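Structure record follows, encoded as structure tokens.
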Amino acid sequence: MELAVIWFVAIAVLWTGFFLLEGFDFGVGVLMPFMGRRHSVDRRVAINAIGPVWDANEVWMITAVGAMFAAFPAWYASVFSGFYVPVFLVLIALIVRGVAFEYRHKRDSDRWRDWWDRAIFFGSAVPAFLWGLIFANIVRGVAMDADHIVTASPLDLLNPHALLGGVTTLALFTLHGAVFLTLKTDGPVRVRARRAALGAACVAVPAVTAFLLWTQSAHGGPWTLPLALTAVATLVGGVAAAHFRREGWSFLATAATIVLTFATLLGSLFPNVLPSTTDPAFSLTVANASSADYTLTLMTWVAVVFLPLVLGYQGWSYWVFRQRVTGEQITRSTVTTGGEGQGRAA
């Protein structure tokens with residue numbers, strides 16, 4: 001297998017890992033207004049459930065973007081220039097969201113926390129929607145000239161397929177986040193999260209089904225069809241498991257759905273990395289967008305050395321913070337420290 005193909009698969013894995021892990025973070029943020037009354041301990045329980053891991057999950061996105069830049073510089077340049085507006089909005093939302101997690105507890109003021117709670121909601125919902133819109137457009141293709149300069153306007157990105165992709169990722173991540181909260185918390189938050197999961201499923205199931213079937217019929221190949229059908233099946237199974245309060249199985253099922261959904265998308269894209277709707281001859285492919293073999297070889301050795309270390313550290317952090325988060329823990333922390341517990345730690 002050529003190194004360029006290996007690195008396309010590696011980048012696909014990095015993006016999929018980001019959406020798998022950051023997906024439940026986005027979902028928890030979207031569900032913030034529904035996890036309890038304003039300024040209640042229950043909202044802090046939801047934040048603390050993702051507090052130890054949310055920033056580490058974003059490392060997957062940074063690594064994926066860096067790998068695109070090094071392995072496929074033409075792909076990186078065309079995507080991040082042609083999709084400048086949605087990518088810029090994603091970055092702004094992620095910055096605001098990160099600041100909100102850190103600053104929400106800094107002042108004992110209801111109005112102060114109100115504003116940061118809104119920031120967490122919008123900072124989670126906006127990227128959850130826009131990432132689906134961006135990747136749907138990447139698979140569908142955009143207007144691009146012979147120099148691989150994207151000539152599509154921001155309004156061209158708001159086509160029906162892409163908008164459905166945005167709704168799909170927003171609903172799927174919300175469901176994934178709700179299931180994560182049923183697995184990671186206890187008490188009133190767990191009860192509300194279970195109801196939220198079943199409510200999100202009412203949107204996620206039809207959206208995922210319609211989006212994957214549309215993508216498969218328009219862009220897919222013979223080997224992506226089983227992935228799309230399995231994604232729908234695991235999603236339905238995950239919702240059923242949530243209904244019967246089998247949180248572990250439900251979380252595994254929604255996680256598998258995210259993996260299979262993006263495997264379908266990126267599998268439908270290959271061997272292109274950015275199709276041109278102007279002329280197929282102008283499309284960026286794995287072959288014409290990749291770096292030199294020397295660069296890819298060097299990147300491969302670096303990945304072989306450091307990737308196990310990163311995966312080991314992240315797995316260890318999830319193991320350390322595996323316990324359920326409850327309101328009693330936060331109340332005890334507040335009494336002990338004399339102030340509000342931080343959103344970063346339980």
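Following the order of the structure tokens, chains are lettered A, B, ..., residues in each are numbered from 1, and ligands are numbered from 1.
The residues of stretch 114-318 of chain A that DSSP classifies as strand (DSSP E or B), using the backbone of this structure, are Val142, Met144, Val150, Thr185, Asn272, Val273, Leu274, Ser276, Leu284 and Thr285 of chain A.
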Based on the selection just made, write N, CA and C atoms of those residues as an mmCIF file, in the first residue's frame.
data_model
loop_
_atom_site.group_PDB
_atom_site.id
_atom_site.type_symbol
_atom_site.label_atom_id
_atom_site.label_comp_id
_atom_site.auth_asym_id
_atom_site.auth_seq_id
_atom_site.Cartn_x
_atom_site.Cartn_y
_atom_site.Cartn_z
ATOM 1 N N VAL A 142 -17.019 20.656 -4.364
ATOM 2 C CA VAL A 142 -17.277 22.084 -4.466
ATOM 3 C C VAL A 142 -16.719 22.585 -5.790
ATOM 4 N N MET A 144 -14.306 24.213 -8.081
ATOM 5 C CA MET A 144 -12.872 24.384 -7.929
ATOM 6 C C MET A 144 -12.234 24.430 -9.315
ATOM 7 N N VAL A 150 -10.714 26.893 -4.626
ATOM 8 C CA VAL A 150 -12.163 26.745 -4.466
ATOM 9 C C VAL A 150 -12.840 28.059 -4.830
ATOM 10 N N THR A 185 -22.909 9.770 35.063
ATOM 11 C CA THR A 185 -23.467 10.496 36.197
ATOM 12 C C THR A 185 -24.493 9.634 36.925
ATOM 13 N N ASN A 272 -10.604 10.432 -4.085
ATOM 14 C CA ASN A 272 -10.530 11.888 -4.034
ATOM 15 C C ASN A 272 -10.286 12.340 -2.597
ATOM 16 N N VAL A 273 -9.784 13.535 -2.447
ATOM 17 C CA VAL A 273 -9.774 14.180 -1.141
ATOM 18 C C VAL A 273 -10.641 15.439 -1.166
ATOM 19 N N LEU A 274 -10.847 16.003 -2.349
ATOM 20 C CA LEU A 274 -11.783 17.114 -2.531
ATOM 21 C C LEU A 274 -12.224 17.135 -3.995
ATOM 22 N N SER A 276 -14.048 18.195 -7.457
ATOM 23 C CA SER A 276 -14.438 19.451 -8.095
ATOM 24 C C SER A 276 -15.741 19.245 -8.852
ATOM 25 N N LEU A 284 -8.981 17.199 -6.450
ATOM 26 C CA LEU A 284 -7.803 16.793 -5.689
ATOM 27 C C LEU A 284 -7.963 15.329 -5.296
ATOM 28 N N THR A 285 -6.913 14.552 -5.525
ATOM 29 C CA THR A 285 -6.944 13.130 -5.208
ATOM 30 C C THR A 285 -5.824 12.801 -4.232
#
Where in stretch 8-55 of chain A does DSSP assign alpha helix (DSSP H), given as a PyMOL selection string? chain A and resi 8-30+41-50+54-55
Could you check the closest approach to A:Ala125 for each of A:Arg97, A:Arg107, A:His148, A:Arg43 and tell me which residue wins, using only C-alpha atoms?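 Closest candidate: A:Arg97.
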Could you tell me which of A:Leu164, A:Leu14, A:Leu89, A:Ala136 comes closest to A:Val208 if we count only C-alpha atoms? A:Leu164
Need the shell around A:Gly248: protein/DNA/RNA residues with any atom at most 10 Å away, counting only C-alpha atoms. Skip same-chain ones fewer than 6 positions apart. Format as a count of residues only? 8
